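J.: Sharing a structure here in structure tokens format.
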Amino acid sequence: MENKRQDIPAIELRGITKRFESVVANHNINLSLKRGEILALLGENGSGKTTLMNILAGIYKPDEGSVMIDGEPVTIHSPEDAIRHGIGMIHQHFKLVDVHTATDNIILGTKDTGFFLKKSRHNKIKELSEQYRLFIDPNKKVYNMSVSEKQTVEILKVLYRGADILILDEPTAVLTPQETQKLFEILRHMRDNGCAIIIITHKLGEVMEISDRVTVLRKGESVATVNTKDTNAKALTELMVGKAVELSIDRPQRKHDGNLLEIHHLTVSDENGVDKLSDVTFELNKGEILGVAGLAGSGQKELCETIAGLIKPRKGAVLYHEENIIGKTPAEIIKIGISMSFIPEDRLGMGLAASLGMTDNMLLKSYNKDKGAFLSRKEARRQAEGLIDKLEIVTPGAETPVRRLSGGNVQKVLLGREIDSNPNMLITAYPVRGLDINSSYTIYDAINKQKEKGVGVLFIGEDLDVMLELCDRIMVLCGGRVTGIVNAEETTKEALGLMMADAVKKGEGEQ
Amino acid sequence: MINFLFAAIKAGTPLLFGTTGEIITEKTGNLNLGVEGMMFLGAFAGFFIGHHTGSVVLALLASFILGALGALIYAFLTVTLKANQTVSGLALTIFGAGFANFFGQIMIAAAEDGVPKLPETFMNRLAEKPIPVLGSIPYIGKLFFSHNILVYVGIIVALICWFYMKKTRAGLTMRSVGENPGAADAAGINVTLVKYMNILLGGGICGMGGAYISLVNGGGVWNNNCVNGQGWIAVALVIFANWSPAKALLGSLVFGAFSVLQFYAPKDIIAIPNAFYVMLPYLITAIVLVFSSIKKSKEHSQPAGCSINYFREER
């Protein structure tokens, strides 16, 4: 690394173009990155950030353009090539083998420890983790790890391979504010040691905090590269969106009174008898947005699915206008007049039929309104096309299988369909995950409109900044228990972070 | 009782080969339902080469190669062309059975008395004989150290495969490919190559199981339908063995025992028609599948990537 000159970019991309069928994901993109620098890659949803980075990591092959590393043109055919050039990518969805230990995931695919798997391999990894001050238990199986531990393993994995060009795809999406700070410490430390780092993130606050320069992508093209210190969040947003955007989130005054849903002592166990939710009690009022914060896997999924009637709790009651809806099937719940919209976390698994087009996915929600044996696709098609217009969904057409759409567009299809059904209660799990700022705001507006109509909204979220601005109250879950319910106006991000880690002394939270 | 267990080990050996081969295949992420077909291919190749050359080594080698060639068809379809694994495996089963029947029939037609036989010297090499010293231990000697040479080959192959999977880097690589090909790919592993190698290895081992059936169980005479469902039992045994070749040793013994029970059950005490005993291994297979569908720990269940074809640019 020493003999590489500092003024030659570690990575330079020239005119990169990548197409998926008729969709152009990247068009003529230029980007460069020096050693000892953190570059933030910012762009709207579907603007091609991940695609571009996957090209660098050898997952995708570009259709046009060239990649230069340290001033020399290279072709990256496979992840193996990328590793050889010192490029390590930490993917948004971790590329780890669940049933293997941290050590085995780290050494996987490297060729330097001989033919046999020796016991001493764990010690080597332990030494490596101590050297970088990234502490992990080398013998721990990945499926027993928290998200932040998994991320640490991913970082060690690229370091073990000697990567000095790091790409992180939305690394903070699953971390608490405290864990994010820790990650940033590590990244700064690596930058100071001469690594080149690219970080993809949606959170403008983080861009301003961690990066030295920002490259902005819009609709698959690189529109600008600016020094972080010469810009601000508003200017960046305008570059991303291409027009001025109001950045604050509205929190309309609540206009409706009365209670919509009461949850009492809800306890849910999984098939192994482990409690996923224990003794959860709260209420949701009309025209209120109740945020649910917590680390991934704190019981959010179980809470949503129990209320939606998909899983049966071991104990507890869900009262809707004082009627217990536990034990009723989703169809019965709809029949007694609860129009509930559920936007699950797993959008392609539970929310939509991945291999069907938008039209057919609209029909899934509305087919039983048709009389007779035959379906009328005309209405559904019109609805689908309406959504494409209204939410600016990028798709080749209403009949293209939804799994071909990018994550954010899939989310728009789902949310659009649910809101179209005029619910009086809306459950959304991570409704803006993977969405760009512009469409996030479209979604927030849509949710606020529902609130003003008197809909009770349960908003499972991950971005605390957003929840603090949008929600009326925030409930924090940790390990399946409620560790606090607070008014959003009277709390801080740090306080929520502590509750998420259950570090608040008992009795301090309003339980 | 000793005789019964002895026969059970003998009858379990082809299952052991088949199970081990299929474990290797599934651990690399491919469900190959063509075990029956690859065993048929191996059965024919082993017998044909044994018939013509009289060499046990060449016969085994030929069965391995033909089994692996069968697996190559499957690997090409599923890994390269990304065809559906279940259908490709079933096609291989039908192909293998047809191949062995067709060429077996030609062999029968070519034989002088219509009965293709293995040379006497060949059969002598495969005869059961006690290993010196060890074989003379009472009971144990008879049970474990008086088998034909192929039984030991089977046990050694299973143990080597266990060692390969658990203790070598290549084994870690192939297990990773089976669990999460995306992760293995991102770690710089050539997923396609690893899959091909292991599917071929697994197929070859299945082929050797077929050779055991035609060379040992057949008593030196070719029979067109010799494999007769044992490949399917091997597929089920993979689940019974929790995808571990070491546990396959026990599993194949249990199933071997069921398949020879009819000859050793005390008929004067329990009078059950023979057909019941013939059916028994299949019934047990069905029961095992029901019980093993109850969820187990993640490490001892089917590899997460099994039966899903990997395509790097999938979005």
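In the structure tokens, the first chain shown is A, the next is B, and so on; residue numbers restart at 1 for each chain, and ligands run from 1 in the order shown.
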What's the 10 Å shell around Ile160 of chain B, counting only C-alpha atoms, without same-chain residues fewer than 6 positions away, as a PyMOL selection string?
T.: chain B and resi 154+166+245-246
J.: Kindly export the residues of the current selection with all heavy atoms, as an mmCIF file, in the first residue's frame.
T.:
```cif
data_model
loop_
_atom_site.group_PDB
_atom_site.id
_atom_site.type_symbol
_atom_site.label_atom_id
_atom_site.label_comp_id
_atom_site.auth_asym_id
_atom_site.auth_seq_id
_atom_site.Cartn_x
_atom_site.Cartn_y
_atom_site.Cartn_z
ATOM 1 N N GLY B 154 -17.043 -49.879 1.422
ATOM 2 C CA GLY B 154 -18.184 -49.008 1.710
ATOM 3 C C GLY B 154 -17.990 -48.235 2.991
ATOM 4 O O GLY B 154 -18.207 -47.018 3.052
ATOM 5 N N LYS B 166 -16.325 -32.755 7.177
ATOM 6 C CA LYS B 166 -16.233 -32.074 8.475
ATOM 7 C C LYS B 166 -14.866 -31.453 8.735
ATOM 8 O O LYS B 166 -14.753 -30.461 9.439
ATOM 9 C CB LYS B 166 -16.527 -33.084 9.602
ATOM 10 C CG LYS B 166 -17.984 -33.418 9.738
ATOM 11 C CD LYS B 166 -18.699 -32.353 10.548
ATOM 12 C CE LYS B 166 -20.184 -32.623 10.544
ATOM 13 N NZ LYS B 166 -20.961 -31.514 11.038
ATOM 14 N N PRO B 245 -22.493 -38.759 6.913
ATOM 15 C CA PRO B 245 -22.103 -40.094 6.464
ATOM 16 C C PRO B 245 -21.832 -41.031 7.644
ATOM 17 O O PRO B 245 -22.015 -42.247 7.531
ATOM 18 C CB PRO B 245 -20.820 -39.842 5.665
ATOM 19 C CG PRO B 245 -20.872 -38.424 5.273
ATOM 20 C CD PRO B 245 -21.614 -37.719 6.362
ATOM 21 N N ALA B 246 -21.403 -40.482 8.797
ATOM 22 C CA ALA B 246 -21.148 -41.338 9.945
ATOM 23 C C ALA B 246 -22.452 -41.958 10.438
ATOM 24 O O ALA B 246 -22.525 -43.153 10.735
ATOM 25 C CB ALA B 246 -20.478 -40.531 11.055
#
```
J.: Show me, as a ChimeraX atom specification, the residues that have an atom within 8 Å of Lys219 of chain A when counting only C-alpha atoms, minus same-chain residues fewer than 2 positions from it.
T.: /A:25-26,44,46-48,217,221
J.: Could those selected residues go to a file with N, CA and C atoms, as a CSV table (one decimal), in the first residue's frame?
T.:
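Written out: part_18.csv:
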```csv
chain,number,residue,atom,x,y,z
A,25,ALA,N,-30.1,0.1,-15.2
A,25,ALA,CA,-29.9,0.4,-13.8
A,25,ALA,C,-28.8,1.4,-13.6
A,26,ASN,N,-27.8,1.3,-14.5
A,26,ASN,CA,-26.6,2.2,-14.4
A,26,ASN,C,-26.4,2.7,-15.9
A,44,GLU,N,-31.5,8.1,-5.0
A,44,GLU,CA,-32.8,7.7,-4.8
A,44,GLU,C,-32.9,6.2,-4.9
A,46,GLY,N,-33.6,2.8,-6.4
A,46,GLY,CA,-33.6,2.4,-7.8
A,46,GLY,C,-32.7,3.3,-8.6
A,47,SER,N,-31.8,4.1,-8.0
A,47,SER,CA,-30.9,4.9,-8.8
A,47,SER,C,-29.7,4.1,-9.2
A,48,GLY,N,-29.6,2.9,-8.7
A,48,GLY,CA,-28.5,2.0,-9.2
A,48,GLY,C,-27.3,2.0,-8.3
A,217,LEU,N,-26.1,9.7,-7.2
A,217,LEU,CA,-26.7,9.1,-8.4
A,217,LEU,C,-28.2,9.5,-8.5
A,221,GLU,N,-27.7,7.6,-13.2
A,221,GLU,CA,-26.6,8.3,-13.7
A,221,GLU,C,-25.9,9.1,-12.5
```
J.: Taking only C-alpha atoms into account, which residues of chain A are within 6 Å of chain B, as number ranges by chain?
T.: A: 79-80, 95-97, 99, 109, 115-117
J.: Any chance you can output those residues with C-alpha atoms as an mmCIF file, in the first residue's frame?
T.:
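Result went into out19.cif, see below:
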```cif
data_model
loop_
_atom_site.group_PDB
_atom_site.id
_atom_site.type_symbol
_atom_site.label_atom_id
_atom_site.label_comp_id
_atom_site.auth_asym_id
_atom_site.auth_seq_id
_atom_site.Cartn_x
_atom_site.Cartn_y
_atom_site.Cartn_z
ATOM 1 C CA PRO A 79 -16.061 -11.982 -6.600
ATOM 2 C CA GLU A 80 -12.759 -13.839 -6.584
ATOM 3 C CA LYS A 95 -23.491 -13.078 2.897
ATOM 4 C CA LEU A 96 -22.900 -15.454 5.768
ATOM 5 C CA VAL A 97 -23.537 -19.158 6.178
ATOM 6 C CA VAL A 99 -24.908 -22.809 10.418
ATOM 7 C CA GLY A 109 -12.745 -19.375 0.262
ATOM 8 C CA PHE A 115 -5.915 -28.700 3.541
ATOM 9 C CA PHE A 116 -7.353 -29.560 6.943
ATOM 10 C CA LEU A 117 -9.542 -27.519 9.232
#
```
J.: Just the residues within 9 Å of Ala11 of chain B, please, counting only C-alpha atoms, with nothing from its chain fewer than 4 positions along; format it as an mmCIF file with C-alpha atoms, in the first residue's frame.
T.:
```
data_model
loop_
_atom_site.group_PDB
_atom_site.id
_atom_site.type_symbol
_atom_site.label_atom_id
_atom_site.label_comp_id
_atom_site.auth_asym_id
_atom_site.auth_seq_id
_atom_site.Cartn_x
_atom_site.Cartn_y
_atom_site.Cartn_z
ATOM 1 C CA PHE B 6 -24.133 -60.203 9.582
ATOM 2 C CA ALA B 7 -26.681 -60.351 6.788
ATOM 3 C CA LEU B 15 -27.626 -48.438 0.866
ATOM 4 C CA ILE B 213 -25.784 -55.062 -5.856
ATOM 5 C CA ASN B 217 -26.109 -59.577 -4.108
ATOM 6 C CA SER B 252 -27.922 -48.452 6.494
ATOM 7 C CA LEU B 253 -27.496 -51.191 9.104
ATOM 8 C CA PHE B 255 -32.482 -50.678 6.863
ATOM 9 C CA GLY B 256 -30.323 -53.619 5.875
ATOM 10 C CA ALA B 257 -31.779 -55.451 8.864
ATOM 11 C CA SER B 259 -34.655 -55.962 4.247
ATOM 12 C CA VAL B 260 -33.290 -59.338 5.394
#
```
J.: Env of segment 222-225 of chain A: 8 Å cut, atoms = only C-alpha atoms, seq-sep filter 2 positions within chain, self excluded. Answer as JSON, numbers by chain.
T.: {"A": [28, 29, 30, 31, 213, 214, 215, 216, 217, 218, 220, 227, 239]}
J.: Which residues are near segment 239-244 of chain B? Cut-off 9 Å, only C-alpha atoms, ignore same chain within fewer than 3 positions. Put them as a count of residues only.
T.: 27
J.: From the options A:Ile289, A:Ala82, A:Leu56, A:Lys18, which residue's atoms come nearest to Pro252 of chain A, counting only C-alpha atoms?
T.: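 Among the listed residues, the smallest separation from Pro252 of chain A belongs to A:Ile289.
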J.: If I take atom CA of Leu470 of chain A and atom CA of Lys449 of chain A, how far is one from the other in Å, to one decimal?
T.: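 Spanning atom CA of Leu470 of chain A to atom CA of Lys449 of chain A is a straight-line distance of 12.0 Å.
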J.: Taking 4 positions as the minimum chain separation for residues in the same chain, which residues sit within 12 Å of Pro14 of chain B when counting only C-alpha atoms? Answer as a VMD selection string.
T.: chain B and resid 8 to 10 18 to 21 35 to 36 39 to 40 42 to 43 150 to 155 157 to 158 205 to 217 226 to 234 237 248 to 249 251 to 253 255 to 256 259
J.: Select, from B:Ile106, B:Met38, B:Ile269, B:Ala286, the residue with the minimum atom-to-atom distance to Gly89 of chain B, counting only C-alpha atoms.
T.: B:Met38
J.: Could you tell me, as a list in words, which residues of segment 16-97 of chain A DSSP assigns to helix (DSSP H, G or I) when given the backbone?
T.: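 In segment 16-97 of chain A, DSSP puts these residues in helix (DSSP H, G or I): Lys49, Thr50, Thr51, Leu52, Met53, Asn54, Ile55, Leu56, Pro79, Glu80, Asp81, Ala82, Ile83 and Arg84 of chain A.
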J.: Would you list, as a VMD selection string, the residues of segment 201-424 of chain A that end up in strand (DSSP E or B) under DSSP run on this structure's backbone?
T.: chain A and resid 213 to 218 221 to 227 259 to 269 275 to 285 289 to 293 315 to 320 323 to 324 340 to 343
J.: How many Å lie between atom CA of Leu498 of chain A and atom CA of Thr428 of chain A, rounded to one decimal?
T.: 23.7 Å
J.: What's the separation between atom CA of Arg125 of chain B and atom CA of Ala100 of chain B, in Å to one decimal place?
T.: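 If I compute the distance from atom CA of Arg125 of chain B to atom CA of Ala100 of chain B, I get 24.2 Å.
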J.: List the neighbours of segment 465-469 of chain A out to 7 Å using only C-alpha atoms; skip same-chain residues closer than 2 positions along the sequence, and give me the result as a list of chain:residue names.
T.: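 Contacts, with the query itself left out: A:Ile249, A:Arg251, A:Gly291, A:Gly461, A:Asp463, A:Cys471, A:Ala488.
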